[in-house]
Every structure is written in structure tokens, then in C-alpha cells.
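Engineer: Sharing upload26.cif, mmCIF, C-alpha atoms:
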data_start
loop_
_atom_site.label_atom_id
_atom_site.label_comp_id
_atom_site.auth_asym_id
_atom_site.auth_seq_id
_atom_site.Cartn_x
_atom_site.Cartn_y
_atom_site.Cartn_z
CA MET K 1 211.21 -103.15 79.25
CA PHE K 2 210.23 -99.86 77.73
CA SER K 3 212.53 -98.57 75.08
CA SER K 4 213.84 -95.01 75.22
CA PHE K 5 211.52 -94.35 72.31
CA ALA K 6 208.32 -95.67 73.99
CA LEU K 7 208.42 -93.46 77.14
CA PRO K 8 208.26 -90.02 75.50
CA SER K 9 205.67 -91.32 73.05
CA ARG K 10 203.40 -92.43 75.86
CA ARG K 11 203.91 -89.10 77.61
CA ALA K 12 202.93 -87.31 74.41
CA VAL K 13 199.75 -89.37 74.14
CA LEU K 14 198.79 -88.66 77.77
CA ALA K 15 199.55 -84.96 77.40
CA GLY K 16 197.41 -84.81 74.30
CA ALA K 17 194.51 -86.56 76.02
CA PHE K 18 194.76 -84.20 79.00
CA ALA K 19 194.70 -81.19 76.68
CA VAL K 20 191.57 -82.52 75.01
CA CYS K 21 189.88 -82.88 78.41
CA LEU K 22 190.83 -79.34 79.38
CA ALA K 23 189.49 -77.99 76.12
CA ALA K 24 186.20 -79.78 76.72
CA MET K 25 185.72 -78.50 80.27
CA PRO K 26 184.52 -74.94 79.43
CA ALA K 27 181.90 -76.32 77.09
CA LEU K 28 180.64 -78.67 79.79
CA ALA K 29 180.55 -75.81 82.30
CA GLU K 30 178.56 -73.65 79.92
CA ASP K 31 175.99 -76.41 79.48
CA ALA K 32 175.73 -77.24 83.19
CA THR K 33 172.46 -76.61 85.00
CA GLN K 34 171.22 -76.05 88.53
CA LYS K 35 167.82 -76.52 90.13
CA VAL K 36 165.88 -73.98 92.17
CA THR K 37 162.42 -74.22 93.77
CA ASP K 38 160.49 -70.97 93.56
CA ASP K 39 157.41 -69.65 95.40
CA ARG K 40 155.10 -71.65 93.14
CA GLY K 41 156.66 -74.73 94.66
CA VAL K 42 158.00 -75.64 91.21
CA GLU K 43 161.52 -77.01 90.76
CA VAL K 44 163.08 -75.24 87.80
CA GLU K 45 166.22 -76.29 85.95
CA ILE K 46 168.26 -73.28 84.89
CA PRO K 47 171.79 -72.60 83.62
CA VAL K 48 174.57 -72.62 86.21
CA HIS K 49 175.81 -69.36 84.73
CA PRO K 50 172.80 -67.45 83.33
CA LYS K 51 174.01 -64.50 81.26
CA ARG K 52 170.83 -63.05 79.76
CA ILE K 53 168.40 -62.27 82.57
CA ALA K 54 164.92 -60.89 81.95
CA SER K 55 163.12 -59.24 84.85
CA ILE K 56 159.33 -59.09 85.17
CA SER K 57 159.18 -56.50 87.99
CA PHE K 58 162.25 -54.55 89.10
CA PHE K 59 163.32 -57.18 91.64
CA ALA K 60 165.74 -59.08 89.41
CA ASP K 61 167.11 -55.79 88.05
CA ASP K 62 167.69 -54.65 91.62
CA VAL K 63 169.43 -57.83 92.77
CA ALA K 64 171.45 -58.32 89.59
CA LEU K 65 172.71 -54.73 89.52
CA ALA K 66 173.71 -54.98 93.19
CA LEU K 67 175.72 -58.09 92.21
CA GLY K 68 177.39 -56.33 89.27
CA ILE K 69 175.27 -57.95 86.55
CA LYS K 70 173.12 -56.07 84.04
CA PRO K 71 169.94 -57.82 82.85
CA VAL K 72 169.04 -57.73 79.16
CA ALA K 73 165.30 -57.06 79.53
CA SER K 74 162.93 -55.49 82.04
CA THR K 75 159.33 -54.52 82.55
CA TYR K 76 158.47 -51.06 83.83
CA MET K 77 156.01 -49.45 86.21
CA VAL K 78 155.47 -46.30 84.16
CA ALA K 79 156.46 -46.25 80.48
CA ASP K 80 159.53 -44.18 79.61
CA ARG K 81 160.34 -43.62 83.28
CA PRO K 82 163.33 -45.75 84.28
CA PRO K 83 163.52 -45.93 88.07
CA GLU K 84 165.77 -43.45 89.79
CA PHE K 85 166.65 -45.97 92.49
CA LEU K 86 168.31 -48.10 89.77
CA LEU K 87 170.11 -45.05 88.35
CA GLY K 88 167.96 -45.23 85.22
CA LEU K 89 169.95 -48.26 84.05
CA THR K 90 166.85 -50.13 82.89
CA ARG K 91 166.68 -47.63 80.03
CA GLY K 92 169.44 -49.59 78.32
CA MET K 93 167.54 -52.88 78.61
CA THR K 94 164.91 -54.22 76.24
CA GLN K 95 161.58 -52.89 77.48
CA ILE K 96 159.04 -55.72 77.61
CA GLY K 97 155.96 -53.88 78.84
CA GLN K 98 154.26 -53.03 82.12
CA ARG K 99 154.96 -55.50 84.91
CA ALA K 100 151.33 -56.64 85.10
CA LYS K 101 151.16 -57.28 81.34
CA PRO K 102 154.56 -58.26 79.95
CA ASN K 103 154.79 -58.50 76.17
CA LEU K 104 155.82 -62.10 75.49
CA GLU K 105 156.86 -61.39 71.90
CA LEU K 106 159.30 -58.69 73.00
CA LEU K 107 160.48 -60.95 75.81
CA SER K 108 161.20 -63.73 73.33
CA GLU K 109 163.10 -61.37 71.04
CA ALA K 110 165.42 -60.47 73.94
CA LYS K 111 166.56 -64.14 73.99
CA PRO K 112 166.87 -64.52 77.78
CA ASP K 113 168.34 -67.65 79.33
CA LEU K 114 166.53 -66.92 82.63
CA ILE K 115 163.25 -65.13 83.40
CA VAL K 116 162.80 -63.87 86.99
CA ALA K 117 159.23 -62.80 87.64
CA ILE K 118 156.77 -61.55 90.22
CA ARG K 119 154.52 -64.50 90.94
CA ARG K 120 151.05 -62.95 91.08
CA TYR K 121 151.28 -61.37 87.65
CA THR K 122 152.81 -64.30 85.78
CA VAL K 123 151.65 -67.59 87.24
CA GLY K 124 148.68 -67.59 84.84
CA ASN K 125 150.87 -67.55 81.73
CA ALA K 126 153.68 -69.72 83.10
CA PRO K 127 153.46 -72.23 80.19
CA GLN K 128 154.07 -69.46 77.65
CA LEU K 129 156.98 -68.07 79.68
CA GLU K 130 158.53 -71.52 80.05
CA LYS K 131 158.60 -71.89 76.27
CA ILE K 132 160.81 -68.81 76.07
CA ALA K 133 163.31 -69.60 78.85
CA PRO K 134 163.53 -71.16 82.32
CA TYR K 135 161.12 -69.16 84.48
CA VAL K 136 161.25 -68.65 88.25
CA ALA K 137 158.72 -66.62 90.25
CA TRP K 138 158.82 -65.23 93.77
CA ASN K 139 156.08 -63.48 95.75
CA MET K 140 158.03 -60.25 96.35
CA GLU K 141 155.59 -58.97 98.97
CA LEU K 142 157.02 -59.48 102.48
CA LEU K 143 160.16 -58.21 104.21
CA ASP K 144 161.16 -61.65 105.49
CA GLY K 145 160.52 -62.96 101.99
CA SER K 146 162.92 -60.33 100.70
CA ASP K 147 165.84 -61.87 102.58
CA LYS K 148 165.03 -65.30 101.22
CA GLU K 149 164.47 -64.07 97.67
CA ILE K 150 167.70 -62.06 97.55
CA GLU K 151 169.74 -64.99 98.83
CA ALA K 152 168.08 -67.38 96.39
CA LEU K 153 168.65 -65.18 93.34
CA ALA K 154 172.20 -64.29 94.38
CA LYS K 155 172.93 -68.02 94.56
CA VAL K 156 171.35 -68.58 91.14
CA LEU K 157 173.53 -65.81 89.71
CA GLY K 158 176.68 -67.30 91.19
CA LYS K 159 177.28 -64.81 94.02
CA PRO K 160 175.75 -66.37 97.16
CA GLU K 161 178.14 -64.65 99.58
CA ARG K 162 177.16 -61.23 98.29
CA GLY K 163 173.48 -62.06 98.80
CA VAL K 164 174.13 -62.95 102.44
CA GLU K 165 176.19 -59.79 102.86
CA LEU K 166 173.47 -57.54 101.42
CA ASN K 167 170.92 -58.99 103.84
CA ARG K 168 173.26 -58.69 106.81
CA ASP K 169 174.10 -55.07 106.03
CA PHE K 170 170.45 -54.11 105.62
CA ARG K 171 169.36 -55.76 108.87
CA ALA K 172 172.17 -54.01 110.72
CA HIS K 173 171.19 -50.64 109.27
CA LEU K 174 167.52 -51.25 110.07
CA SER K 175 168.43 -51.96 113.70
CA GLU K 176 170.66 -48.89 113.83
CA ILE K 177 167.93 -46.55 112.57
CA ALA K 178 165.31 -48.14 114.84
CA ALA K 179 167.61 -47.53 117.81
CA LYS K 180 168.09 -43.85 116.86
CA ALA K 181 164.40 -43.17 116.16
CA PRO K 182 162.49 -41.24 118.86
CA LYS K 183 160.81 -43.63 121.27
CA ASP K 184 158.06 -41.28 122.42
CA THR K 185 156.37 -40.79 119.05
CA HIS K 186 154.77 -43.17 116.56
CA PRO K 187 153.63 -41.19 113.51
CA ARG K 188 150.43 -42.50 111.94
CA TYR K 189 150.96 -43.12 108.25
CA ALA K 190 149.66 -44.79 105.11
CA ILE K 191 151.50 -46.09 102.05
CA MET K 192 149.03 -45.92 99.20
CA TRP K 193 148.17 -45.73 95.55
CA GLY K 194 146.21 -42.57 94.86
CA GLY K 195 142.83 -42.49 93.13
CA GLU K 196 139.17 -41.76 93.78
CA VAL K 197 139.39 -44.44 96.50
CA PRO K 198 143.04 -44.80 97.61
CA PHE K 199 144.50 -48.29 98.10
CA ALA K 200 146.74 -48.64 101.17
CA PHE K 201 149.23 -51.40 102.03
CA HIS K 202 148.84 -53.55 105.14
CA ASP K 203 151.56 -54.01 107.77
CA GLU K 204 152.90 -57.15 106.12
CA ASN K 205 153.87 -55.34 102.92
CA THR K 206 157.64 -54.87 102.72
CA SER K 207 157.57 -51.05 102.69
CA ALA K 208 155.10 -50.94 105.58
CA SER K 209 157.15 -53.47 107.56
CA ILE K 210 160.17 -51.19 107.23
CA VAL K 211 158.24 -48.11 108.35
CA ASN K 212 156.72 -50.03 111.27
CA ALA K 213 160.16 -51.28 112.32
CA ILE K 214 161.35 -47.71 112.86
CA GLY K 215 158.30 -46.60 114.82
CA GLY K 216 155.55 -45.78 112.35
CA GLU K 217 151.92 -46.78 112.98
CA ASN K 218 150.12 -47.97 109.86
CA ILE K 219 146.48 -46.86 109.67
CA ALA K 220 145.74 -49.73 107.27
CA GLY K 221 146.67 -52.25 109.95
CA ALA K 222 147.41 -55.93 109.49
CA MET K 223 146.11 -58.30 106.85
CA THR K 224 143.17 -60.53 107.60
CA PRO K 225 144.03 -64.23 107.21
CA GLY K 226 143.85 -65.11 103.52
CA GLY K 227 143.20 -61.48 102.58
CA GLU K 228 144.92 -59.14 100.15
CA PHE K 229 148.09 -57.23 100.93
CA GLY K 230 146.23 -53.91 100.81
CA ILE K 231 142.82 -52.32 101.37
CA ASP K 232 140.67 -49.61 99.81
CA LEU K 233 140.54 -46.64 102.18
CA SER K 234 137.98 -43.97 101.40
CA LEU K 235 138.97 -40.43 102.27
CA GLU K 236 136.19 -40.46 104.86
CA THR K 237 137.88 -43.43 106.53
CA MET K 238 141.25 -41.78 106.23
CA LEU K 239 139.89 -38.68 107.93
CA GLU K 240 138.73 -40.83 110.86
CA LYS K 241 142.13 -42.51 111.16
CA ASP K 242 143.89 -39.15 110.65
CA PRO K 243 147.31 -40.07 109.20
CA GLU K 244 150.15 -37.70 110.04
CA VAL K 245 152.31 -38.81 107.11
CA LEU K 246 151.24 -40.06 103.68
CA PHE K 247 153.45 -41.93 101.24
CA ILE K 248 151.75 -41.95 97.83
CA TYR K 249 153.15 -43.85 94.88
CA ASP K 250 153.85 -41.34 92.11
CA TYR K 251 152.05 -42.86 89.15
CA GLY K 252 151.89 -39.61 87.19
CA PRO K 253 150.13 -36.25 87.12
CA ASP K 254 146.59 -37.62 87.55
CA ARG K 255 145.77 -37.26 91.26
CA PRO K 256 141.96 -37.39 91.64
CA HIS K 257 142.16 -37.85 95.43
CA GLU K 258 143.39 -34.28 95.69
CA ASN K 259 140.13 -32.98 94.21
CA ASN K 260 138.04 -34.38 97.07
CA PRO K 261 137.21 -31.64 99.65
CA ILE K 262 138.07 -34.07 102.45
CA TRP K 263 141.66 -34.22 101.23
CA LYS K 264 142.46 -30.79 102.61
CA GLU K 265 141.14 -31.79 106.02
CA LEU K 266 143.73 -34.52 106.56
CA THR K 267 146.42 -33.73 109.11
CA ALA K 268 149.17 -34.92 106.76
CA VAL K 269 147.95 -32.52 104.08
CA LYS K 270 147.59 -29.59 106.46
CA ASN K 271 151.15 -30.11 107.74
CA ASN K 272 152.70 -30.63 104.28
CA ARG K 273 153.69 -34.18 105.08
CA VAL K 274 152.42 -35.83 101.90
CA PHE K 275 155.25 -37.44 99.96
CA TYR K 276 154.91 -38.73 96.40
CA VAL K 277 157.42 -41.55 96.37
CA GLY K 278 159.25 -43.50 93.68
CA ASP K 279 159.11 -47.05 92.35
CA GLN K 280 161.17 -48.39 95.25
CA TRP K 281 158.16 -48.01 97.55
CA VAL K 282 156.17 -50.51 95.47
CA GLU K 283 159.03 -52.73 94.23
CA THR K 284 160.74 -52.91 97.61
CA ASN K 285 162.06 -56.46 97.92
CA GLY K 286 165.42 -55.91 96.25
CA PRO K 287 168.48 -54.79 98.23
CA ILE K 288 168.74 -51.33 96.68
CA ALA K 289 165.04 -50.50 96.93
CA ARG K 290 164.60 -51.50 100.56
CA GLU K 291 167.75 -49.67 101.66
CA ILE K 292 166.51 -46.45 100.06
CA VAL K 293 162.99 -46.89 101.46
CA LEU K 294 164.50 -47.31 104.92
CA ARG K 295 166.49 -44.08 104.59
CA GLU K 296 163.59 -42.14 103.09
CA ALA K 297 161.11 -43.39 105.68
CA ALA K 298 163.45 -42.40 108.51
CA HIS K 299 163.75 -38.85 107.17
CA TYR K 300 160.05 -38.43 106.40
CA LEU K 301 158.97 -39.69 109.82
CA TYR K 302 161.67 -37.88 111.80
CA PRO K 303 163.06 -35.02 109.67
CA ASP K 304 164.88 -33.51 112.66
CA VAL K 305 166.79 -36.74 113.31
CA PHE K 306 167.58 -38.23 109.91
CA PRO K 307 168.90 -36.41 106.82
CA LYS K 308 167.17 -35.94 103.49
CA VAL K 309 167.99 -38.73 101.05
CA ASP K 310 169.71 -38.42 97.68
CA VAL K 311 168.27 -41.50 95.99
CA LYS K 312 170.84 -41.69 93.20
CA ALA K 313 173.76 -41.19 95.57
CA GLU K 314 172.57 -44.02 97.79
CA ALA K 315 171.98 -46.33 94.81
CA ALA K 316 175.48 -45.54 93.52
CA LYS K 317 176.93 -46.88 96.79
CA ILE K 318 175.47 -50.32 96.06
CA ILE K 319 175.65 -50.66 92.27
CA PRO K 320 179.26 -51.32 91.17
CA ALA K 321 180.89 -48.36 89.43
CA GLU K 322 181.58 -50.32 86.23
CA LEU K 323 177.84 -50.69 85.61
CA GLN K 324 177.20 -46.98 86.10
CA LYS K 325 179.20 -45.91 83.05
#
Starting from the coordinates I provided, produce the structure as C-alpha cells.
Structural biologist:
Amino acid sequence: MFSSFALPSRRAVLAGAFAVCLAAMPALAEDATQKVTDDRGVEVEIPVHPKRIASISFFADDVALALGIKPVASTYMVADRPPEFLLGLTRGMTQIGQRAKPNLELLSEAKPDLIVAIRRYTVGNAPQLEKIAPYVAWNMELLDGSDKEIEALAKVLGKPERGVELNRDFRAHLSEIAAKAPKDTHPRYAIMWGGEVPFAFHDENTSASIVNAIGGENIAGAMTPGGEFGIDLSLETMLEKDPEVLFIYDYGPDRPHENNPIWKELTAVKNNRVFYVGDQWVETNGPIAREIVLREAAHYLYPDVFPKVDVKAEAAKIIPAELQK
């Protein structure tokens, strides 16, 4: 038989052991890992709860901010120009260089526990990135890929339901705008980088897919199998194809295409339907960027049907208020 002394003693021992287990659980959770397979086909082991995210491209910034998480480091498109569609919040992150040439020393100094990157610019230096932190890379080129990439990263960041919700809301809004768009007109357009010979995106590009979905007709057409996601279009060729609307990525004040005499002959130029657009038109695969591109495209194609867009106001609807302070 147990004595009256033995029972409380045993209870005390068990309670103490249980307390030790509880105290150990947070440490185990912090050290836990998860596995994700990225667009390289590589299975990467990363923390279950990454807290210090570095973004090579604006995609991870976009997704993380939409989830209520602020990354610690980011590349940029144009130096000292934080993107308006992210409310300028990248200004408060460690700047690690242009997205095509991230500075690995600055990246290392930011001490990330997860690097989320655009595949085509980083696959060549993957070994160096992997020495700094777990590194995952997605293609970030196609609209259907956008859904998959957002869901994957939202899951990695511990908010899978929000990733699904963001995709569902966008697809519903895309369908709504497509239904409201005029059915008897299909404005010819191009989405392009300016220059002596402009570079225009094919149909498969995320921005072009959005514009096509609401009735635009892309003069750059579809990709050839195995080809690039864009094509050089001389102004002579553009004159033949006669775009009615031009979306030109605003890379700064240098606009050599405007000095070509042919430029003034384009219908889009004659009708004042040339729009210098922001970073969201190039970095479109995140939930904030693609939503704003959809709204802007609708207005630029059909200004009598859809209202002008306040980029910051729309971004503020998606980014939680606590991150905007």
C-alpha cells in the first residue's frame, strides 16, 4: 500500500516532469523544420516559423506584407525608389541590390533565415545563397504560376488559408471585371520596356495574361515553344501592328524610344494612351501587384467604364494596418 506520504510525493515528481516537458516544447518548435520543393525541383528544408525573410524580387515582399509579415531584406528595381504598390515599406528593409544582381555580402549581413528568390536571376549562384540561409526560388512569370507560388509561400509562412483566400478573391475580381468589360472592343496593346528597341511581353506573362483576360489584344502575341517571355519590337514593327494602348515600365527619365520619329506616328501616342507604369507591372505575381495591375488595366483599356486607380489606397486595403505605421 502507498503511504499518505508517498502519493503527494509521486504527484510532485510527475508535475515537475510535466513542467519540464512544457518548458522544452517552445525550443523544439523553434528548431522544427519543414520541406518545400521549389521551381528548380529542389527540396529545401526551412524553418517551420521563418522570421527573417529576404526577398530577391518583390514577390516575397508582396506575399509577406499581404500576410502581415515584414521581411528584413529586399532587392529593388530602381535604387532609392521603393515601390508605391507596397506603400514604400521596402524602404525600411535592408537593401541588398538590384534584383538581377543581389549583393551577397549585404544579404548575409541581414542574417535571414529564409531567402525567397526569382529563379532566373539566382539559380546560377544557388550554392552561395544556400551558404547564407535556406533558399527557395520560383519562376514568377505566369499567372497560373502566381496562384501556385502564393499558396506555397503562404504555407511556408504559416498562413495557408490566407494564401487560398487571396487567390480566390483575385480570381473572383478578375471574372467580375471581365464580365463588365465591353464585349465589342479589344484594344490592341503592348506591355514593354522602353529603349532604342523596345522589349514587349508575350501573352503568357502575368501582366499580359491579366490584360488579355479583360479583353485586350497583345501585339506581341504568344511565346514560341521554348522561347523567351518577351520579344524585341522595333518601332517599325510596332507601327505595323498599331497598338492603341501602350504600357511602358517606368525605369527612369531616359526614354530613347520617344526620340524616334516613328514614335509620334503610333496610334497610342497620337491619342495620349501611353502609360508609364510602376513596378507592379513587371513584378506582378504577388497578390498586391496583380490586383493593382488588374484595376489599372481595366481603367486604361476602358476609361469610361472603370475608375482611375489610387495605387496606395488599393494596396492599403490588402496590407494589414499594423504594418503601415
Engineer: For region 61-162 of chain K against region 315-321 of chain K, with a cut-off of 8 Å and counting only C-alpha atoms, what is the closest atom pair and its distance in Å to one decimal for every residue that makes the cut, ordered by chain and number, as a Markdown table?
Structural biologist:
| residue | atom | partner | partner_atom | distance |
| --- | --- | --- | --- | --- |
| K:Leu65 | CA | K:Ile319 | CA | 5.7 |
| K:Ala66 | CA | K:Ile319 | CA | 4.8 |
| K:Leu67 | CA | K:Ile319 | CA | 7.4 |
| K:Gly68 | CA | K:Pro320 | CA | 5.7 |
| K:Phe85 | CA | K:Ala315 | CA | 5.8 |
| K:Leu86 | CA | K:Ala315 | CA | 6.5 |
| K:Leu87 | CA | K:Ala315 | CA | 6.8 |
Engineer: Would you output that residue set with C-alpha atoms, as a compact mmCIF listing (two decimals), in the coordinates of the input?
Structural biologist:
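The resulting again.txt:
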# COMPACT_ATOMS: atom_id res chain seq x y z
CA LEU K 65 172.71 -54.73 89.52
CA ALA K 66 173.71 -54.98 93.19
CA LEU K 67 175.72 -58.09 92.21
CA GLY K 68 177.39 -56.33 89.27
CA PHE K 85 166.65 -45.97 92.49
CA LEU K 86 168.31 -48.10 89.77
CA LEU K 87 170.11 -45.05 88.35
Engineer: Could you tell me which of K:Glu176, K:Glu240, K:Glu43, K:Asp147 comes closest to Leu294 (chain K) if we count all atoms listed in the file?
Structural biologist: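 Closest candidate: K:Glu176.
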Engineer: Within 9 Å of Gly215 (chain K), counting all atoms listed in the file, which residues show up once you throw out same-chain ones fewer than 5 positions away? Write them as a VMD selection string, please.
Structural biologist: chain K and resid 178 181 to 183 185 to 187 301
Engineer: What's the 10 Å shell around Val42 (chain K), counting only C-alpha atoms, without same-chain residues fewer than 4 positions away, as a ChimeraX atom specification?
Structural biologist: /K:35-38,135-137
Engineer: K:Leu142, K:Met238, K:Leu246, K:Ala60: which is nearest Asn272 (chain K), counting only C-alpha atoms?
Structural biologist: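 Closest residue, counting only C-alpha atoms: K:Leu246.
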Engineer: Could you tell me which residues the PyMOL selection byres ((chain K and resi 141) around 8) grabs in this file, written as a list in words?
Structural biologist: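 What the PyMOL selection byres ((chain K and resi 141) around 8) grabs from the file is Asn139, Met140, Leu142, Leu143, Gly145, Ser146, Glu204, Asn205, Thr206, Phe229 and Asn285 of chain K.
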Engineer: What is the CA of Ile214 (chain K)-CA of Trp281 (chain K) distance in Å, reported with one decimal?
Structural biologist: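 One can read the CA of Ile214 (chain K) to CA of Trp281 (chain K) distance as 15.6 Å.
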Engineer: Here's the selection I'm unsure about, the PyMOL selection byres ((chain K and resi 104-107) around 9); applied to the file above, which residues does it give, as a PDB file with C-alpha atoms, keeping the file's coordinate frame?
Structural biologist:
ATOM      1  CA  ALA K  54     164.920 -60.890  81.950  1.00  0.00           C
ATOM      2  CA  ALA K  73     165.300 -57.060  79.530  1.00  0.00           C
ATOM      3  CA  SER K  74     162.930 -55.490  82.040  1.00  0.00           C
ATOM      4  CA  THR K  94     164.910 -54.220  76.240  1.00  0.00           C
ATOM      5  CA  GLN K  95     161.580 -52.890  77.480  1.00  0.00           C
ATOM      6  CA  ILE K  96     159.040 -55.720  77.610  1.00  0.00           C
ATOM      7  CA  GLY K  97     155.960 -53.880  78.840  1.00  0.00           C
ATOM      8  CA  LYS K 101     151.160 -57.280  81.340  1.00  0.00           C
ATOM      9  CA  PRO K 102     154.560 -58.260  79.950  1.00  0.00           C
ATOM     10  CA  ASN K 103     154.790 -58.500  76.170  1.00  0.00           C
ATOM     11  CA  SER K 108     161.200 -63.730  73.330  1.00  0.00           C
ATOM     12  CA  GLU K 109     163.100 -61.370  71.040  1.00  0.00           C
ATOM     13  CA  ALA K 110     165.420 -60.470  73.940  1.00  0.00           C
ATOM     14  CA  LYS K 111     166.560 -64.140  73.990  1.00  0.00           C
ATOM     15  CA  PRO K 112     166.870 -64.520  77.780  1.00  0.00           C
ATOM     16  CA  GLN K 128     154.070 -69.460  77.650  1.00  0.00           C
ATOM     17  CA  LEU K 129     156.980 -68.070  79.680  1.00  0.00           C
ATOM     18  CA  ILE K 132     160.810 -68.810  76.070  1.00  0.00           C
TER      19      ILE K 132
END
Engineer: Apply the PyMOL selection byres ((chain K and resi 305-312) around 10) to the displayed file and report the matching residues as a compact mmCIF listing (two decimals) with C-alpha atoms, in the coordinates of the input.
Structural biologist:
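And here is the file that came out, part-v4.txt:
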# COMPACT_ATOMS: atom_id res chain seq x y z
CA PRO K 83 163.52 -45.93 88.07
CA GLU K 84 165.77 -43.45 89.79
CA PHE K 85 166.65 -45.97 92.49
CA LEU K 86 168.31 -48.10 89.77
CA LEU K 87 170.11 -45.05 88.35
CA GLY K 88 167.96 -45.23 85.22
CA ILE K 177 167.93 -46.55 112.57
CA LYS K 180 168.09 -43.85 116.86
CA ALA K 181 164.40 -43.17 116.16
CA PRO K 182 162.49 -41.24 118.86
CA GLY K 278 159.25 -43.50 93.68
CA GLN K 280 161.17 -48.39 95.25
CA ILE K 288 168.74 -51.33 96.68
CA ALA K 289 165.04 -50.50 96.93
CA GLU K 291 167.75 -49.67 101.66
CA ILE K 292 166.51 -46.45 100.06
CA VAL K 293 162.99 -46.89 101.46
CA ARG K 295 166.49 -44.08 104.59
CA GLU K 296 163.59 -42.14 103.09
CA ALA K 297 161.11 -43.39 105.68
CA ALA K 298 163.45 -42.40 108.51
CA HIS K 299 163.75 -38.85 107.17
CA TYR K 300 160.05 -38.43 106.40
CA LEU K 301 158.97 -39.69 109.82
CA TYR K 302 161.67 -37.88 111.80
CA PRO K 303 163.06 -35.02 109.67
CA ASP K 304 164.88 -33.51 112.66
CA ALA K 313 173.76 -41.19 95.57
CA GLU K 314 172.57 -44.02 97.79
CA ALA K 315 171.98 -46.33 94.81
CA ALA K 316 175.48 -45.54 93.52
CA LYS K 317 176.93 -46.88 96.79
Engineer: Compare K:Glu322, K:Gly195, K:Thr90, K:Asp39 by their minimum atom-to-atom distance to Asp254 (chain K), counting all atoms listed in the file, and give me the closest one.
Structural biologist: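 Looking at the shortest contact to Asp254 (chain K), the residue is K:Gly195.
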Engineer: Could you give me the centre and size, in Å to one decimal, of an axis-aligned box around all listed atoms of region 100-110 of chain K with 4 Å added on every side, as lines of an AutoDock Vina configuration file?
Structural biologist:
center_x = 158.3
center_y = -60.2
center_z = 78.1
size_x = 22.3
size_y = 15.1
size_z = 22.1
Engineer: Suppose you want the space between CA of Gly41 (chain K) and CA of Asp144 (chain K); what is it in Å?
Structural biologist: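 Computing it gives 17.6 Å between the two atoms.
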Engineer: Counting all atoms listed in the file, write as a PyMOL selection string all protein and nucleic acid residues lying at most 8 Å from (149.6, -38.8, 106.1) in the file's frame.
Structural biologist: chain K and resi 188-190+242-247+266-269+273-274
Engineer: Tell me, as a PyMOL selection string, which residues lie within 10 Å of Ser57 (chain K), counting all atoms listed in the file; anything in the same chain fewer than 2 positions away does not count.
Structural biologist: chain K and resi 54-55+59-62+74-77+98-100+102+116-119+121+140+283
Engineer: Using the selection just defined, write its residues with C-alpha atoms as a PDB file, in the coordinates of the input.
Structural biologist:
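Wrote selection.pdb, looks like this:
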ATOM      1  CA  ALA K  54     164.920 -60.890  81.950  1.00  0.00           C
ATOM      2  CA  SER K  55     163.120 -59.240  84.850  1.00  0.00           C
ATOM      3  CA  PHE K  59     163.320 -57.180  91.640  1.00  0.00           C
ATOM      4  CA  ALA K  60     165.740 -59.080  89.410  1.00  0.00           C
ATOM      5  CA  ASP K  61     167.110 -55.790  88.050  1.00  0.00           C
ATOM      6  CA  ASP K  62     167.690 -54.650  91.620  1.00  0.00           C
ATOM      7  CA  SER K  74     162.930 -55.490  82.040  1.00  0.00           C
ATOM      8  CA  THR K  75     159.330 -54.520  82.550  1.00  0.00           C
ATOM      9  CA  TYR K  76     158.470 -51.060  83.830  1.00  0.00           C
ATOM     10  CA  MET K  77     156.010 -49.450  86.210  1.00  0.00           C
ATOM     11  CA  GLN K  98     154.260 -53.030  82.120  1.00  0.00           C
ATOM     12  CA  ARG K  99     154.960 -55.500  84.910  1.00  0.00           C
ATOM     13  CA  ALA K 100     151.330 -56.640  85.100  1.00  0.00           C
ATOM     14  CA  PRO K 102     154.560 -58.260  79.950  1.00  0.00           C
ATOM     15  CA  VAL K 116     162.800 -63.870  86.990  1.00  0.00           C
ATOM     16  CA  ALA K 117     159.230 -62.800  87.640  1.00  0.00           C
ATOM     17  CA  ILE K 118     156.770 -61.550  90.220  1.00  0.00           C
ATOM     18  CA  ARG K 119     154.520 -64.500  90.940  1.00  0.00           C
ATOM     19  CA  TYR K 121     151.280 -61.370  87.650  1.00  0.00           C
ATOM     20  CA  MET K 140     158.030 -60.250  96.350  1.00  0.00           C
ATOM     21  CA  GLU K 283     159.030 -52.730  94.230  1.00  0.00           C
TER      22      GLU K 283
END
Engineer: (134.0, -42.2, 104.1) in this file's frame - what residues fall within 12 Å of it? Use all atoms listed in the file and give the answer as a PDB file with C-alpha atoms, in the frame of the given file.
Structural biologist:
ATOM      1  CA  GLU K 196     139.170 -41.760  93.780  1.00  0.00           C
ATOM      2  CA  VAL K 197     139.390 -44.440  96.500  1.00  0.00           C
ATOM      3  CA  PRO K 198     143.040 -44.800  97.610  1.00  0.00           C
ATOM      4  CA  ASP K 232     140.670 -49.610  99.810  1.00  0.00           C
ATOM      5  CA  LEU K 233     140.540 -46.640 102.180  1.00  0.00           C
ATOM      6  CA  SER K 234     137.980 -43.970 101.400  1.00  0.00           C
ATOM      7  CA  LEU K 235     138.970 -40.430 102.270  1.00  0.00           C
ATOM      8  CA  GLU K 236     136.190 -40.460 104.860  1.00  0.00           C
ATOM      9  CA  THR K 237     137.880 -43.430 106.530  1.00  0.00           C
ATOM     10  CA  MET K 238     141.250 -41.780 106.230  1.00  0.00           C
ATOM     11  CA  LEU K 239     139.890 -38.680 107.930  1.00  0.00           C
ATOM     12  CA  GLU K 240     138.730 -40.830 110.860  1.00  0.00           C
ATOM     13  CA  LYS K 241     142.130 -42.510 111.160  1.00  0.00           C
ATOM     14  CA  ASN K 260     138.040 -34.380  97.070  1.00  0.00           C
ATOM     15  CA  PRO K 261     137.210 -31.640  99.650  1.00  0.00           C
ATOM     16  CA  ILE K 262     138.070 -34.070 102.450  1.00  0.00           C
ATOM     17  CA  TRP K 263     141.660 -34.220 101.230  1.00  0.00           C
TER      18      TRP K 263
END
Engineer: How far is it from CA of Ala200 (chain K) to CA of Gly221 (chain K), in Å with one decimal?
Structural biologist: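 Result for CA of Ala200 (chain K) versus CA of Gly221 (chain K): 9.5 Å, one decimal.
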Engineer: Using all atoms listed in the file, which residue out of K:Val78, K:Val63, K:Ile46, K:Val211 lies closest to Asn167 (chain K)?
Structural biologist: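 Distance minimum relative to Asn167 (chain K) lands on K:Val63.
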Engineer: Counting only C-alpha atoms, figure out which residue out of K:Lys159, K:Thr122, K:Pro225, K:Arg81 gets nearest to Ile69 (chain K).
Structural biologist: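 Of all the options, K:Lys159 lies closest to Ile69 (chain K).
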